[in-house]
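This report concerns only the one structure given below.
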Amino acid sequence: LVSRKWKVNPTVIDFGDGLRVKEGEFTIMAGPCSIENEEQVEKTINHLVEQGVRFMRGGVFKPRSSPYSFRGLGLEGLKMFYDMCRAKGIKVVTEVMQVSQIAPMEPYTDVFQVGARNTQNFNLLDELGKVDKPVLLKRGISGTIDELLYSAEYIFSGGNEKLMLCERGIRTYETASRNTLDLNAIPILKEKTHLPVIVDPSHGIGIREYVEPMALAAIMAGADGIIYETHEKPEEAASDGAQTLSFPESERMIKKMQKTFTLR
Ligand code: PEP
Ligand code: MN
């Protein structure tokens, strides 16, 4: 069902009031790795509004390698995040980690993100197939393109056709970067599926200085949008600071992305 052979026209995700994710347009989603406090959310929203960005990302349930790392503010944090975004017309993109979180999160979530560690959590995918909210499905840490498409099939076949795919880098033998952003996946996915393809250069390379070139490369390769991490003080971020852009860096990247997109 997610194949271009089955549906030729690209899937458009409509968020109302003129906001949509659509092939041929370009969507920017940005925000911190983790939601930390009100002040952080307010400063990030101000940055996004100045740049004309309408989607804010931020995790409140964080999948951390170590159980002793910051694991997020949970549902209370999500309510605060959502209320502040809603007041400014910004849509909330946030990760859902397990089935039991879907119902309590739903009133405060505009896009359910499925993280790379959950791409093959088939029970979670089944349940998201029943939800009437867009889903951003990330590629698994060591997942193939076909595995990503089969995971998408779980959600789509369950009845939720508001689905976007996300290339966020895969684990390879390379140690110079956190992951290897698979730019190859972009044209391959665009040919194989009608679903929008969003690229996450932050997790894809994991090194702040190289996020911008990878974002620009993703656009030229045909991505429909970008999701990346930004924070007022990246070095103080609760998670993923090393790959997080400061606001001036984020602003510079947005300006370049806009130019690059018109070149495509
Ligand atoms: C994130 O977006 O902060 C995240 C945990 O991403 P991923 O699932 O791609 O590692
Ligand atoms: Mn992160």
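Labeling convention for the structure tokens: chains A, B, ... as they appear, residues from 1 per chain, ligands from 1 in order of appearance.
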
Residues of chain A that have any atom at most 10 Å from an atom of ligand 1: could you tabulate them with the shortest-distance atom pair and the distance in Å to one decimal, using only C-alpha atoms and all ligand atoms, ordered by chain and increasing number, as a Markdown table?
```
| residue | atom | partner | partner_atom_place_in_ligand_line | distance |
| --- | --- | --- | --- | --- |
| A:Gly31 | CA | ligand 1 | 3 (O) | 9.7 |
| A:Pro32 | CA | ligand 1 | 3 (O) | 8.0 |
| A:Cys33 | CA | ligand 1 | 3 (O) | 4.6 |
| A:Ser34 | CA | ligand 1 | 3 (O) | 6.9 |
| A:Arg57 | CA | ligand 1 | 2 (O) | 7.9 |
| A:Gly58 | CA | ligand 1 | 3 (O) | 7.2 |
| A:Gly59 | CA | ligand 1 | 3 (O) | 6.3 |
| A:Val60 | CA | ligand 1 | 3 (O) | 9.7 |
| A:Phe61 | CA | ligand 1 | 5 (C) | 9.2 |
| A:Lys62 | CA | ligand 1 | 5 (C) | 6.5 |
| A:Pro63 | CA | ligand 1 | 5 (C) | 6.0 |
| A:Arg64 | CA | ligand 1 | 5 (C) | 7.7 |
| A:Val93 | CA | ligand 1 | 2 (O) | 9.5 |
| A:Thr94 | CA | ligand 1 | 2 (O) | 8.1 |
| A:Glu95 | CA | ligand 1 | 2 (O) | 7.2 |
| A:Met97 | CA | ligand 1 | 8 (O) | 9.7 |
| A:Gln113 | CA | ligand 1 | 2 (O) | 7.8 |
| A:Val114 | CA | ligand 1 | 8 (O) | 6.9 |
| A:Gly115 | CA | ligand 1 | 8 (O) | 3.2 |
| A:Ala116 | CA | ligand 1 | 8 (O) | 3.8 |
| A:Arg117 | CA | ligand 1 | 8 (O) | 5.8 |
| A:Asn118 | CA | ligand 1 | 8 (O) | 7.6 |
| A:Thr119 | CA | ligand 1 | 8 (O) | 8.5 |
| A:Leu137 | CA | ligand 1 | 8 (O) | 9.1 |
| A:Lys138 | CA | ligand 1 | 9 (O) | 6.1 |
| A:Arg139 | CA | ligand 1 | 9 (O) | 7.4 |
| A:Gly140 | CA | ligand 1 | 9 (O) | 7.8 |
| A:Ile141 | CA | ligand 1 | 10 (O) | 7.4 |
| A:Cys166 | CA | ligand 1 | 9 (O) | 8.3 |
| A:Glu167 | CA | ligand 1 | 9 (O) | 8.2 |
| A:Arg168 | CA | ligand 1 | 9 (O) | 5.4 |
| A:Gly169 | CA | ligand 1 | 9 (O) | 7.7 |
| A:Ile170 | CA | ligand 1 | 9 (O) | 9.2 |
| A:Asn179 | CA | ligand 1 | 10 (O) | 9.7 |
| A:Asp200 | CA | ligand 1 | 9 (O) | 7.5 |
| A:Pro201 | CA | ligand 1 | 9 (O) | 9.8 |
| A:Ser202 | CA | ligand 1 | 2 (O) | 8.6 |
| A:His203 | CA | ligand 1 | 9 (O) | 5.9 |
| A:Gly204 | CA | ligand 1 | 9 (O) | 8.0 |
| A:Ile227 | CA | ligand 1 | 2 (O) | 8.4 |
| A:Tyr228 | CA | ligand 1 | 2 (O) | 8.1 |
| A:Glu229 | CA | ligand 1 | 3 (O) | 7.9 |
| A:Ser239 | CA | ligand 1 | 3 (O) | 8.1 |
| A:Asp240 | CA | ligand 1 | 3 (O) | 7.5 |
```

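Of all the residues in stretch 100-171 of chain A, the ones DSSP labels as strand (DSSP E or B) from the backbone are A:Val111, A:Phe112, A:Gln113, A:Val114, A:Val135, A:Leu136, A:Leu137, A:Lys138, A:Leu163, A:Met164, A:Leu165, A:Cys166, A:Glu167, A:Ile170.
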
Test item: residues at most 6 Å from stretch 124-132 of chain A, only C-alpha atoms, excluding those fewer than 3 positions along its chain, as a list in words:
Val99, Asn121, Tyr154, Ile155, Gly158, Gly159 and Asn160 of chain A

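Restricting the calculation to only C-alpha atoms and all ligand atoms, the smallest distance between ligand 2 and any of A:Pro67, A:Pro134, A:Gly89, A:Gly72 is found for A:Gly72.
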
So, counting only C-alpha atoms and all ligand atoms, which residue among A:Ile13, A:Ala221, A:Val92, A:Ile207 is closest to ligand 2?
A:Ile207
